[in-house]
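**Q** Structure incoming, see below.
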Number of protein chains: 4
Amino acid sequence: MAEQMTAAVLHKVDDVRIEQVPVPEVKSDLDVKIRIKAVGVCGSDIHFYREGRIGDFVVKEPIILGHESSGEVLEVGNAVTHIKPGDNVVIEPGYPDRTCQFCKTGKYNLCATVPFMATPPTDGAFCQYVVWPGDFVYKVPDNVSFEEASLVEPLAVGLQATKRAHIHPGMRVAIVGAGPIGLTTLLAAMAHGATTTFISDIYPMRLGLAAKLGATHTINAKDTDQVQAVLDVTHGEGCDVVLETAGTPETVRKSMAMVKRGGVVTLVGMSAEVEFSVPMMDIIMREYDVRGVFRYANCHPVAVALLASGRIDVKPLITHEFPLAQAKEALDFSDTRKDVAVKVIVKP
Amino acid sequence: MAEQMTAAVLHKVDDVRIEQVPVPEVKSDLDVKIRIKAVGVCGSDIHFYREGRIGDFVVKEPIILGHESSGEVLEVGNAVTHIKPGDNVVIEPGYPDRTCQFCKTGKYNLCATVPFMATPPTDGAFCQYVVWPGDFVYKVPDNVSFEEASLVEPLAVGLQATKRAHIHPGMRVAIVGAGPIGLTTLLAAMAHGATTTFISDIYPMRLGLAAKLGATHTINAKDTDQVQAVLDVTHGEGCDVVLETAGTPETVRKSMAMVKRGGVVTLVGMSAEVEFSVPMMDIIMREYDVRGVFRYANCHPVAVALLASGRIDVKPLITHEFPLAQAKEALDFSDTRKDVAVKVIVKP
Amino acid sequence: MAEQMTAAVLHKVDDVRIEQVPVPEVKSDLDVKIRIKAVGVCGSDIHFYREGRIGDFVVKEPIILGHESSGEVLEVGNAVTHIKPGDNVVIEPGYPDRTCQFCKTGKYNLCATVPFMATPPTDGAFCQYVVWPGDFVYKVPDNVSFEEASLVEPLAVGLQATKRAHIHPGMRVAIVGAGPIGLTTLLAAMAHGATTTFISDIYPMRLGLAAKLGATHTINAKDTDQVQAVLDVTHGEGCDVVLETAGTPETVRKSMAMVKRGGVVTLVGMSAEVEFSVPMMDIIMREYDVRGVFRYANCHPVAVALLASGRIDVKPLITHEFPLAQAKEALDFSDTRKDVAVKVIVKP
Amino acid sequence: MAEQMTAAVLHKVDDVRIEQVPVPEVKSDLDVKIRIKAVGVCGSDIHFYREGRIGDFVVKEPIILGHESSGEVLEVGNAVTHIKPGDNVVIEPGYPDRTCQFCKTGKYNLCATVPFMATPPTDGAFCQYVVWPGDFVYKVPDNVSFEEASLVEPLAVGLQATKRAHIHPGMRVAIVGAGPIGLTTLLAAMAHGATTTFISDIYPMRLGLAAKLGATHTINAKDTDQVQAVLDVTHGEGCDVVLETAGTPETVRKSMAMVKRGGVVTLVGMSAEVEFSVPMMDIIMREYDVRGVFRYANCHPVAVALLASGRIDVKPLITHEFPLAQAKEALDFSDTRKDVAVKVIVKP
């Protein structure tokens with residue numbers, strides 16, 4: 001009989017159970033087996049937990065959630081040379097087919113067939129062990145804790161957004177939304193050299209955290225007109241880059257109003273409404289770009305380097321930790337306590 | 001008393017008069033005085049003629065229309081060395097302040113203070129003589145006729161669109177709309193090496209012209225689903241680049257549906273409706289860009305080189321010519337006979 | 001006993017033998033088995049034939065030469081869906097590991113472990129059948145002959161050079177050397193929209209061919225100072241891009257003298273001397289780039305699209321054809337008759 | 001008689017005199033008159049002082065040296081709106097013609113007619129007042145001292161180098177030479193997000209300063225093989241970007257040996273030898289770029305933003321200050337005491 005491990009398994013909406021499931025095994029030369037040490041709770045985990053679906057992805061079979069994970073290497077396939085048992089690592093939660101036109105041109109995030117952790121039918125990391133292709137597992141040095149390493153994935157999202165936005169030193173950048181992705185995007189923008197950084201949200205605790213991380217201007221969107229606030233500081237010009245992470249029609253429209261002529265708005269936050277009205281002709285009149293951001297490609301090594309070098313410190317984002325046995329409580333807390341929680345971590 | 005010249009002056013909606021007005025004079029060292037030889041009629045001329053305004057630009061004083069012009073140099077200021085009397089030239093119809101951040105970074109089309117021909121309060125070229133800053137006047141070799149040279153401006157629009165879209169050899173490109181700008185954009189896309197080119201319109205004559213110019217697929221949008229037509233040929237992938245020149249909410253939405261994952265939609269055509277509903281989240285899910293195109297910067301020399309080298313032939317676009325005395329008839333014809341007219345030229 | 005096929009095998013310097021060797025077999029799901037129809041003779045084939053080595057690559061065991069190949073698909077592995085038996089195809093002669101940082105970022109030509117056809121120890125295509133990974137085999141439509149398709153590989157070299165050089169419509173481009181690579185580079189530069197194209201060589205026949213292909217200025221370097229010729233036409237400015245394909249210290253120096261301030265020199269041609277004196281400080285004073293070109297990445301599909309669309313015609317480059325039984329004669333002819341031979345093709 | 005001011009005037013080699021010269025006046029609408037407060041001594045000042053020339057620029061008439069300057073606005077022309085009397089400012093020491101192709105495309109540093117401070121025949125800033133075109137004068141906020149502001153110019157050089165090198169977060173970067181330009185280049189590379197930074201020099205004091213500024217690896221090139229040191233840390237890969245600021249044939253060759261496949265070497269440091277032997281074929285074999293850096297374009301505003309935001313601190317570079325009356329001593333000290341001096345500042 002196969003060896004067993006503990007996992008938090010989502011059976012259906014609101015139904016997460018701590019169960020024993022078979023330990024996965026190294027099967028191909030590229031595989032790596034990892035003992036999971038820390039896993040962040042992501043908004044998408046909560047969506048599956050609360051609604052049983054995200055768009056076309058529907059939970060039909062029991063699935064293990066969690067895809068922001070770090071751990072320790074236990075075993076590697078014969079073709080794996082960049083890591084070895086005992087190494088601390090992070091896992092990039094999707095891997096592409098490596099042979100299509102997108103993979104061959106460096107945009108592997110657009111590959112049509114990416115199994116992605118905690119997205120049906122691929123299991124995630126709220127469990128003790130994961131086996132994953134070694135080319136999507138990255139070594140993390142000892143000066144980065146497992147908890148910090150679990151933030152590499154959301155930081156990679158921020159880095160994909162800032163890479164797509166072509167942020168350069170001296171730029172003025174606005175980040176709309178100060179949730180975990182808004183905050184990692186802020187850190188990414190600062191790593192590119194942004195010197196004026198606006199960030200807006202409705203939770204004072206998150207804005208306080210953003211200020212602590214180095215945002216030069218925090219805006220409480222509950223009582224302040226964030227577009228006007230940005231225009232006031234920038235002498236009516238707007239920002240070189242606006243990074244939308246809040247994911248609502250209204251914040252998308254505000255993001256477009258905040259950008260400078262010839263600038264870039266990147267859309268990161270998914271809105272429940274997929275189609276809505278925006279000032280499309282303004283894109284022509286002020287010749288700016290609206291660019292989508294879908295997951296990430298080649299961002300995990302950058303995120304690791306930024307943490308390892310101390311250039312970015314994600315520790316302030318980690319507000320709460322739960323043991324694996326309380327994965328359900330971690331999901332509940334992350335969902336309902338946005339006033340105090342930023343990143344909630346599950347530790348197997 | 002100042003020397004007089006003939007000009008077609010718009011006084012108010014539908015009221016264009018052939019009048020005598022003072023000949024402009026070379027005043028600064030940078031100025032060039034040009035005898036106008038050919039001027040294309042543009043959609044914006046028709047807007048001012050029919051509606052008296054385009055957005056915030058309102059015709060309050062009499063104004064000379066026409067901004068797609070070529071001619072012969074009569075006189076140059078002391079600082080002008082690249083052209084001399086007797087040279088054939090084209091005029092770039094807007095000139096920036098040369099000192100702002102946009103001018104200094106090569107995006108002078110975004111300069112806040114661009115006097116633009118035939119846009120209130122700046123007079124255009126439906127007249128005999130124009131004086132214009134020499135750095136926005138370009139020499140045209142003898143193998144390019146004045147009529148062809150008057151097409152440099154609309155070709156520059158197409159080139160700005162294709163430059164903003166980063167078209168490379170081998171790409172599949174769709175152009176939505178086969179009016180004068182759609183057709184020059186098609187020619188520009190082919191100059192960048194696009195190998196599969198879709199173009200759609202509702203006028204059979206324009207589609208026939210597009211095919212003659214080299215479009216590989218022409219689509220009559222009246223009776224064919226253009227999105228489906230593009231997807232059929234591209235095996236469901238869509239085009240690397242979609243260039244929207246039709247300027248309606250519906251064609252913008254269709255353009256977004258035609259683009260490939262990771263591709264680019266450039267918006268060129270101005271819609272009367274400035275705000276409308278589009279599938280914004282699709283921009284994230286398929287990580288593409290929507291990029292505005294506002295006029296042009298550094299495109300006139302490229303357009304001249306393409307005509308001079310024979311790489312682009314714009315002669316098939318010139319369907320009708322009128323003398324200056326019939327400028328009003330030229331505007332009327334261009335407006336009402338889209339079934340047979342593409343580019344209508346006024347010749348002083 | 002394994003099925004046998006005919007192959008031209010290089011045993012040592014000047015020793016090519018027509019022999020029977022085992023037919024290769026489809027082994028992995030990604031493999032494709034191809035009946036070879038046409039193979040171009042490349043300069044590197046001649047180097048191995050005449051000198052037994054290129055740099056660190058030394059012929060120690062018998063090897064089949066030839067890497068510019070096309071053919072017909074006979075059999076495909078289970079994972080291959082983009083081509084099927086009966087399809088005409090071209091083979092990209094190197095395949096990378098698909099997992100390293102270079103592969104993941106779209107620069108797979110820089111992958112450290114690329115088996116490359118006809119480079120020890122990997123056999124080439126002067127034979128009847130080849131088995132190759134399907135992601136490096138591309139379908140060619142029926143309107144492209146096998147002979148033309150064998151030119152896809154040298155055209156891919158030209159396209160890598162022009163891609164690295166960022167050629168745009170309207171640019172002035174100089175190509176140094178009008179051998180097969182110089183000529184495909186010329187065609188590639190024209191596909192990007194170059195409007196003024198200089199090309200230099202010492203063989204009149206090659207220059208005549210370049211003119212026929214569309215070069216606007218051909219320069220016989222035997223009796224003309226090519227740098228001066230370029231400066232004369234460009235009013236002392238030089239070219240936006242210079243593509244060096246001749247591979248000598250002198251032509252590299254001349255290439256640097258031909259480039260415009262802020263322009264790009266790409267180095268394609270390998271010189272026997274690897275280290276030599278050049279005006280390095282001129283790179284600073286005129287702020288230009290010198291960029292290397294090593295093989296290609298993602299250029300084969302572009303080359304196929306350009307041939308299939310008729311945008312590029314390589315037929316004029318094909319000057320001679322030999323049957324496989326005369327592979328040695330093909331190598332000799334290609335080596336010694338540069339006065340009349342451009343591309344020599346071997347047909348199994 | 002015109003008002004007089006004190007200036008340090010270079011008459012001929014080694015002959016700098018403190019003299020009274022006429023105060024310059026605001027003549028055009030664009031002009032700004034500035035009371036100079038701090039001026040850094042640059043290597044080029046020392047070249048003119050010691051040798052009377054740099055390349056083709058020869059001191060034939062008496063000239064005021066100094067071009068790294070800051071001061072206070074006294075008077076502005078009618079067209080100047082972005083600064084007003086009383087503002088603190090830095091001066092960009094060259095201004096282009098604003099009308100040529102280079103100016104119009106954002107590469108104004110390549111304009112053929114740039115009057116450049118302290119380069120014959122244009123006077124510099126070792127004096128009390130300067131009049132300069134307002135579009136090349138930038139406001140500096142109060143939290144930046146005049147001394148720091150005088151470092152904006154050398155920081156702009158570093159930023160041009162890092163912009164040309166396309167440095168992104170997470171990159172490994174080597175800076176060769178830790179003089180004032182090497183150190184500002186280090187700061188610029190860090191502002192772009194470089195996480196591993198090597199810097200080499202032969203002066204321990206400069207290396208100590210580099211470490212204090214944040215360099216992760218300092219290499220004393222006197223006793224350490226810097227190429228090997230870089231390869232050891234990077235597992236034989238080399239750096240993504242190498243920025244050469246030492247300006248010798250040997251360090252250029254070493255820079256090329258330090259760069260990673262597909263990377264970029266930027267040349268900043270001028271060597272007295274303008275032509276020398278380098279491994280040119282290595283550029284092909286490892287497909288990297290060698291890019292020149294000539295002065296800067298659009299870098300001063302970025303440098304000001306970086307200082308104003310506190311993202312870059314240049315104070316540690318300022319090692320010595322002299323009054324204007326001791327300009328000659330400042331030049332001598334800067335020239336002869338590289339063991340202790342980094343940036344020497346003259347204060348009128």
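Chain labels A, B, ... are given in the sequence in which chains occur in the structure tokens; within each chain residues are numbered consecutively from 1, and ligands are likewise numbered from 1 in the order shown.
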Contacts of range 278-286 of chain D at 8 Å or less, counting only C-alpha atoms, minus same-chain residues fewer than 3 places along, as a VMD selection string?
**A** (chain C and resid 110 267 to 268 270 to 271 273 to 278 291 to 294) or (chain D and resid 252 to 253 256 260 to 262 289 to 290)
**Q** Just N, CA and C atoms for this one: save the residues we selected as an mmCIF file, in the first residue's frame.
**A**
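Heads up, here's the output in out.cif:
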```cif
data_model
loop_
_atom_site.group_PDB
_atom_site.id
_atom_site.type_symbol
_atom_site.label_atom_id
_atom_site.label_comp_id
_atom_site.auth_asym_id
_atom_site.auth_seq_id
_atom_site.Cartn_x
_atom_site.Cartn_y
_atom_site.Cartn_z
ATOM 1 N N LEU C 110 21.106 29.839 -27.147
ATOM 2 C CA LEU C 110 22.214 29.975 -26.207
ATOM 3 C C LEU C 110 22.259 28.833 -25.189
ATOM 4 N N LEU C 267 27.354 41.192 -35.999
ATOM 5 C CA LEU C 267 28.416 40.314 -36.497
ATOM 6 C C LEU C 267 27.836 38.928 -36.726
ATOM 7 N N VAL C 268 27.879 38.483 -37.980
ATOM 8 C CA VAL C 268 27.366 37.171 -38.346
ATOM 9 C C VAL C 268 28.511 36.261 -38.820
ATOM 10 N N MET C 270 31.920 34.407 -39.171
ATOM 11 C CA MET C 270 33.016 33.989 -38.294
ATOM 12 C C MET C 270 34.345 34.194 -38.995
ATOM 13 N N SER C 271 35.254 34.859 -38.304
ATOM 14 C CA SER C 271 36.605 35.052 -38.816
ATOM 15 C C SER C 271 37.508 33.955 -38.268
ATOM 16 N N GLU C 273 40.605 34.412 -37.583
ATOM 17 C CA GLU C 273 41.247 35.111 -36.471
ATOM 18 C C GLU C 273 40.173 35.478 -35.460
ATOM 19 N N VAL C 274 40.312 35.062 -34.221
ATOM 20 C CA VAL C 274 39.228 35.336 -33.286
ATOM 21 C C VAL C 274 39.433 36.639 -32.519
ATOM 22 N N GLU C 275 40.661 37.130 -32.505
ATOM 23 C CA GLU C 275 40.967 38.339 -31.749
ATOM 24 C C GLU C 275 41.735 39.280 -32.665
ATOM 25 N N PHE C 276 41.295 40.499 -32.768
ATOM 26 C CA PHE C 276 42.002 41.453 -33.641
ATOM 27 C C PHE C 276 41.652 42.881 -33.255
ATOM 28 N N SER C 277 42.366 43.797 -33.880
ATOM 29 C CA SER C 277 42.268 45.197 -33.478
ATOM 30 C C SER C 277 41.107 45.894 -34.183
ATOM 31 N N VAL C 278 40.312 46.613 -33.402
ATOM 32 C CA VAL C 278 39.196 47.398 -33.949
ATOM 33 C C VAL C 278 39.122 48.724 -33.191
ATOM 34 N N ARG C 291 26.633 43.797 -32.027
ATOM 35 C CA ARG C 291 25.859 42.680 -31.483
ATOM 36 C C ARG C 291 26.198 41.377 -32.200
ATOM 37 N N GLY C 292 26.442 40.355 -31.447
ATOM 38 C CA GLY C 292 26.726 39.053 -32.035
ATOM 39 C C GLY C 292 25.458 38.350 -32.484
ATOM 40 N N VAL C 293 25.624 37.440 -33.440
ATOM 41 C CA VAL C 293 24.512 36.627 -33.922
ATOM 42 C C VAL C 293 24.974 35.175 -33.915
ATOM 43 N N PHE C 294 24.353 34.345 -33.089
ATOM 44 C CA PHE C 294 24.739 32.950 -32.996
ATOM 45 C C PHE C 294 23.550 32.068 -33.384
ATOM 46 N N VAL D 252 38.727 46.601 -20.985
ATOM 47 C CA VAL D 252 37.694 46.302 -21.981
ATOM 48 C C VAL D 252 37.701 44.801 -22.276
ATOM 49 N N ARG D 253 38.883 44.257 -22.478
ATOM 50 C CA ARG D 253 38.977 42.812 -22.744
ATOM 51 C C ARG D 253 38.447 41.997 -21.560
ATOM 52 N N MET D 256 34.680 41.951 -21.474
ATOM 53 C CA MET D 256 34.086 41.004 -22.412
ATOM 54 C C MET D 256 34.163 39.572 -21.878
ATOM 55 N N LYS D 260 27.946 37.298 -19.513
ATOM 56 C CA LYS D 260 27.217 36.047 -19.739
ATOM 57 C C LYS D 260 26.803 35.926 -21.204
ATOM 58 N N ARG D 261 26.573 34.705 -21.658
ATOM 59 C CA ARG D 261 25.997 34.490 -22.993
ATOM 60 C C ARG D 261 24.739 35.352 -23.126
ATOM 61 N N GLY D 262 24.621 36.043 -24.230
ATOM 62 C CA GLY D 262 23.421 36.836 -24.444
ATOM 63 C C GLY D 262 23.343 38.109 -23.632
ATOM 64 N N ASP D 289 26.146 41.701 -26.630
ATOM 65 C CA ASP D 289 26.202 43.042 -27.209
ATOM 66 C C ASP D 289 27.324 43.839 -26.560
ATOM 67 N N VAL D 290 27.978 44.656 -27.365
ATOM 68 C CA VAL D 290 28.882 45.688 -26.832
ATOM 69 C C VAL D 290 28.261 47.021 -27.236
#
```
**Q** Env of range 170-174 of chain C: 8 Å cut, atoms = only C-alpha atoms, seq-sep filter 3 positions within chain, self excluded. Answer as a VMD selection string.
**A** (chain B and resid 301 to 303 305 to 306) or (chain C and resid 167 189 193 to 199 230 239 to 243 258)
**Q** Can you work out which one of B:Ala165, B:Leu183, B:Leu231, B:Ile219 has the shortest atom-to-atom distance to chain A, counting only C-alpha atoms?
**A**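 Result for the nearest residue to chain A: B:Ala165.
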**Q** Neighbouring residues of Arg337 in chain C were defined as those with any atom within 12 Å, considering only C-alpha atoms; residues of the same chain fewer than 3 positions away were excluded. Please report them as a list of chain:residue names.
**A**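 The residues that qualify are C:Gly179, C:Tyr203, C:Met205, C:Arg206, C:Thr319, C:His320, C:Glu329, C:Ala330, C:Leu331, C:Asp332, C:Phe333, C:Ser334, C:Val340, C:Ala341, C:Val342, C:Lys343, C:Val344.
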**Q** Would you mind listing what lies within 9 Å of His67 in chain C as an mmCIF file with N, CA, C and O atoms, in the first residue's frame, with only C-alpha atoms counted and same-chain residues fewer than 5 positions away left out?
**A**
```
data_model
loop_
_atom_site.group_PDB
_atom_site.id
_atom_site.type_symbol
_atom_site.label_atom_id
_atom_site.label_comp_id
_atom_site.auth_asym_id
_atom_site.auth_seq_id
_atom_site.Cartn_x
_atom_site.Cartn_y
_atom_site.Cartn_z
ATOM 1 N N VAL C 39 19.070 19.072 -49.467
ATOM 2 C CA VAL C 39 19.960 19.553 -48.391
ATOM 3 C C VAL C 39 20.957 20.531 -48.994
ATOM 4 O O VAL C 39 21.688 20.184 -49.925
ATOM 5 N N GLY C 40 21.007 21.733 -48.475
ATOM 6 C CA GLY C 40 21.968 22.712 -48.952
ATOM 7 C C GLY C 40 23.355 22.443 -48.403
ATOM 8 O O GLY C 40 23.511 21.905 -47.301
ATOM 9 N N VAL C 41 24.381 22.808 -49.187
ATOM 10 C CA VAL C 41 25.760 22.724 -48.709
ATOM 11 C C VAL C 41 26.090 24.051 -48.041
ATOM 12 O O VAL C 41 25.892 25.118 -48.628
ATOM 13 N N CYS C 42 26.584 23.973 -46.804
ATOM 14 C CA CYS C 42 26.901 25.183 -46.037
ATOM 15 C C CYS C 42 28.413 25.310 -45.889
ATOM 16 O O CYS C 42 29.142 24.321 -45.972
ATOM 17 N N ASP C 45 29.912 22.853 -43.524
ATOM 18 C CA ASP C 45 30.158 21.511 -44.073
ATOM 19 C C ASP C 45 31.532 21.461 -44.737
ATOM 20 O O ASP C 45 32.286 20.501 -44.582
ATOM 21 N N ILE C 91 13.660 21.027 -41.314
ATOM 22 C CA ILE C 91 14.198 20.659 -40.003
ATOM 23 C C ILE C 91 15.070 21.804 -39.483
ATOM 24 O O ILE C 91 15.934 22.302 -40.204
ATOM 25 N N GLU C 92 14.820 22.219 -38.234
ATOM 26 C CA GLU C 92 15.749 23.148 -37.570
ATOM 27 C C GLU C 92 16.852 22.282 -36.980
ATOM 28 O O GLU C 92 16.574 21.393 -36.172
ATOM 29 N N PRO C 93 18.109 22.508 -37.377
ATOM 30 C CA PRO C 93 19.127 21.470 -37.133
ATOM 31 C C PRO C 93 19.676 21.376 -35.720
ATOM 32 O O PRO C 93 20.501 20.511 -35.462
ATOM 33 N N PHE C 116 23.626 19.603 -32.624
ATOM 34 C CA PHE C 116 23.440 20.336 -33.876
ATOM 35 C C PHE C 116 23.893 19.447 -35.029
ATOM 36 O O PHE C 116 25.031 18.969 -35.054
ATOM 37 N N MET C 117 23.002 19.252 -35.988
ATOM 38 C CA MET C 117 23.270 18.388 -37.141
ATOM 39 C C MET C 117 24.611 18.685 -37.810
ATOM 40 O O MET C 117 24.934 19.855 -38.056
ATOM 41 N N ALA C 118 25.309 17.659 -38.162
ATOM 42 C CA ALA C 118 26.554 17.780 -38.917
ATOM 43 C C ALA C 118 27.653 18.481 -38.135
ATOM 44 O O ALA C 118 28.601 19.003 -38.702
ATOM 45 N N THR C 119 27.490 18.501 -36.813
ATOM 46 C CA THR C 119 28.521 19.016 -35.919
ATOM 47 C C THR C 119 28.821 17.886 -34.939
ATOM 48 O O THR C 119 27.898 17.415 -34.266
ATOM 49 N N ASP C 123 24.940 13.453 -36.316
ATOM 50 C CA ASP C 123 24.870 13.272 -37.766
ATOM 51 C C ASP C 123 23.956 14.297 -38.422
ATOM 52 O O ASP C 123 23.001 14.781 -37.807
ATOM 53 N N GLY C 124 24.253 14.588 -39.693
ATOM 54 C CA GLY C 124 23.464 15.532 -40.468
ATOM 55 C C GLY C 124 22.524 14.843 -41.433
ATOM 56 O O GLY C 124 22.064 13.718 -41.182
ATOM 57 N N ALA C 125 22.257 15.509 -42.560
ATOM 58 C CA ALA C 125 21.153 15.102 -43.443
ATOM 59 C C ALA C 125 21.571 14.709 -44.855
ATOM 60 O O ALA C 125 20.720 14.563 -45.717
ATOM 61 N N PHE C 126 22.841 14.517 -45.119
ATOM 62 C CA PHE C 126 23.256 13.977 -46.420
ATOM 63 C C PHE C 126 22.971 12.470 -46.403
ATOM 64 O O PHE C 126 23.887 11.638 -46.419
ATOM 65 N N SER C 150 14.934 23.996 -48.430
ATOM 66 C CA SER C 150 16.267 23.762 -47.848
ATOM 67 C C SER C 150 16.987 25.084 -47.598
ATOM 68 O O SER C 150 17.981 25.125 -46.887
ATOM 69 N N GLU C 153 16.905 27.327 -43.627
ATOM 70 C CA GLU C 153 17.922 27.418 -42.575
ATOM 71 C C GLU C 153 18.832 28.629 -42.792
ATOM 72 O O GLU C 153 18.975 29.457 -41.885
#
```
**Q** Taking only residues of chain C that have an atom at most 10 Å from an atom of chain A, what is each one's shortest atom pair and its distance in Å to one decimal, using only C-alpha atoms, in chain and number order, as a tab-separated table?
**A**
```
residue	atom	partner	partner_atom	distance
C:Leu30	CA	A:Thr99	CA	9.4
C:His82	CA	A:Cys100	CA	9.9
C:Asp97	CA	A:Arg98	CA	9.6
C:Arg98	CA	A:Arg98	CA	6.0
C:Thr99	CA	A:Asp135	CA	5.7
C:Cys100	CA	A:Asp135	CA	7.3
C:Gln101	CA	A:Asn298	CA	8.1
C:Phe102	CA	A:Gly106	CA	8.7
C:Cys103	CA	A:Lys104	CA	6.8
C:Lys104	CA	A:Gly106	CA	5.3
C:Thr105	CA	A:Gly106	CA	4.0
C:Gly106	CA	A:Gly106	CA	3.9
C:Lys107	CA	A:Thr105	CA	7.4
C:Tyr108	CA	A:Lys104	CA	7.3
C:Pro133	CA	A:Thr99	CA	9.8
C:Gly134	CA	A:Thr99	CA	8.8
C:Asp135	CA	A:Thr99	CA	5.7
C:Phe136	CA	A:Thr99	CA	8.7
C:Ala297	CA	A:Thr105	CA	8.1
C:Asn298	CA	A:Thr105	CA	6.8
C:Pro301	CA	A:Gln101	CA	9.5
```
**Q** Run DSSP on the backbone and give me the residues of range 74-279 of chain D it puts in strand (DSSP E), as JSON, numbers by chain.
**A** {"D": [74, 75, 76, 88, 89, 90, 91, 129, 130, 131, 132, 133, 137, 138, 139, 172, 173, 174, 175, 176, 196, 197, 198, 199, 200, 201, 217, 218, 219, 220, 239, 240, 241, 242, 243, 244, 259, 260, 261, 262, 263, 264, 265, 266, 267, 276, 277, 278]}
**Q** Would you mind writing down, as a list in words, each residue of range 256-298 of chain B that DSSP on the backbone assigns to alpha helix (DSSP H)?
**A** Met256, Ala257, Met258, Met280, Met281, Asp282, Ile283, Ile284 and Met285 of chain B
**Q** Which residues come within 9 Å of Arg35 in chain D, counting only C-alpha atoms, excluding same-chain residues fewer than 2 positions away, as a list in words?
**A** Lys33, Lys37, Ser70, Gly71, Glu72, Val73, Leu74, Cys127, Gln128, Tyr129, Val130 and Pro348 of chain D
**Q** Write a file of the just-selected residues containing C-alpha atoms, as a PDB file, in the first residue's frame.
**A**
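Result went into result-v6.pdb, see below:
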```
ATOM      1  CA  LYS D  33      20.443  82.860 -15.230  1.00  0.00           C
ATOM      2  CA  LYS D  37      26.756  77.133  -5.833  1.00  0.00           C
ATOM      3  CA  SER D  70      24.161  73.342  -9.347  1.00  0.00           C
ATOM      4  CA  GLY D  71      22.923  76.708  -8.236  1.00  0.00           C
ATOM      5  CA  GLU D  72      20.030  79.060  -7.618  1.00  0.00           C
ATOM      6  CA  VAL D  73      17.859  80.647 -10.284  1.00  0.00           C
ATOM      7  CA  LEU D  74      18.169  84.439 -10.473  1.00  0.00           C
ATOM      8  CA  CYS D 127      32.458  80.979 -11.935  1.00  0.00           C
ATOM      9  CA  GLN D 128      29.675  82.863 -10.205  1.00  0.00           C
ATOM     10  CA  TYR D 129      26.940  83.003 -12.836  1.00  0.00           C
ATOM     11  CA  VAL D 130      25.863  80.968 -15.821  1.00  0.00           C
ATOM     12  CA  PRO D 348      31.870  79.756  -5.811  1.00  0.00           C
TER      13      PRO D 348
END
```
**Q** Residues within 10 Å of Lys254 in chain A, please, as a list in words. Count only C-alpha atoms; anything in the same chain fewer than 5 positions from it doesn't count.
**A** Val176, Asp225, Gln226, Val227, Gln228, Val242, Glu244, Thr248, Pro249, Val259 and Val278 of chain A
**Q** Just the number, please: distance in Å from CA of Thr185 in chain A to CA of Ala8 in chain A, one decimal.
**A**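 Those two atoms sit 29.0 Å apart.
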**Q** Excluding same-chain residues fewer than 2 positions from Gln4 in chain D, what lies within 7 Å of it counting only C-alpha atoms, as a ChimeraX atom specification?
**A** /D:2,20-23
**Q** Write the residues of the selection above to a file with C-alpha atoms, as a compact mmCIF listing (two decimals), in the first residue's frame.
**A**
```
# COMPACT_ATOMS: atom_id res chain seq x y z
CA ALA D 2 29.25 95.02 -18.10
CA GLN D 20 37.15 88.94 -13.43
CA VAL D 21 35.01 88.32 -16.50
CA PRO D 22 31.67 89.74 -17.65
CA VAL D 23 28.53 88.33 -16.08
```
**Q** Which of these, B:Val314, B:Val137, B:Leu159, B:Ile54, has the shortest distance to Lys212 in chain B once you count only C-alpha atoms?
**A** B:Val314
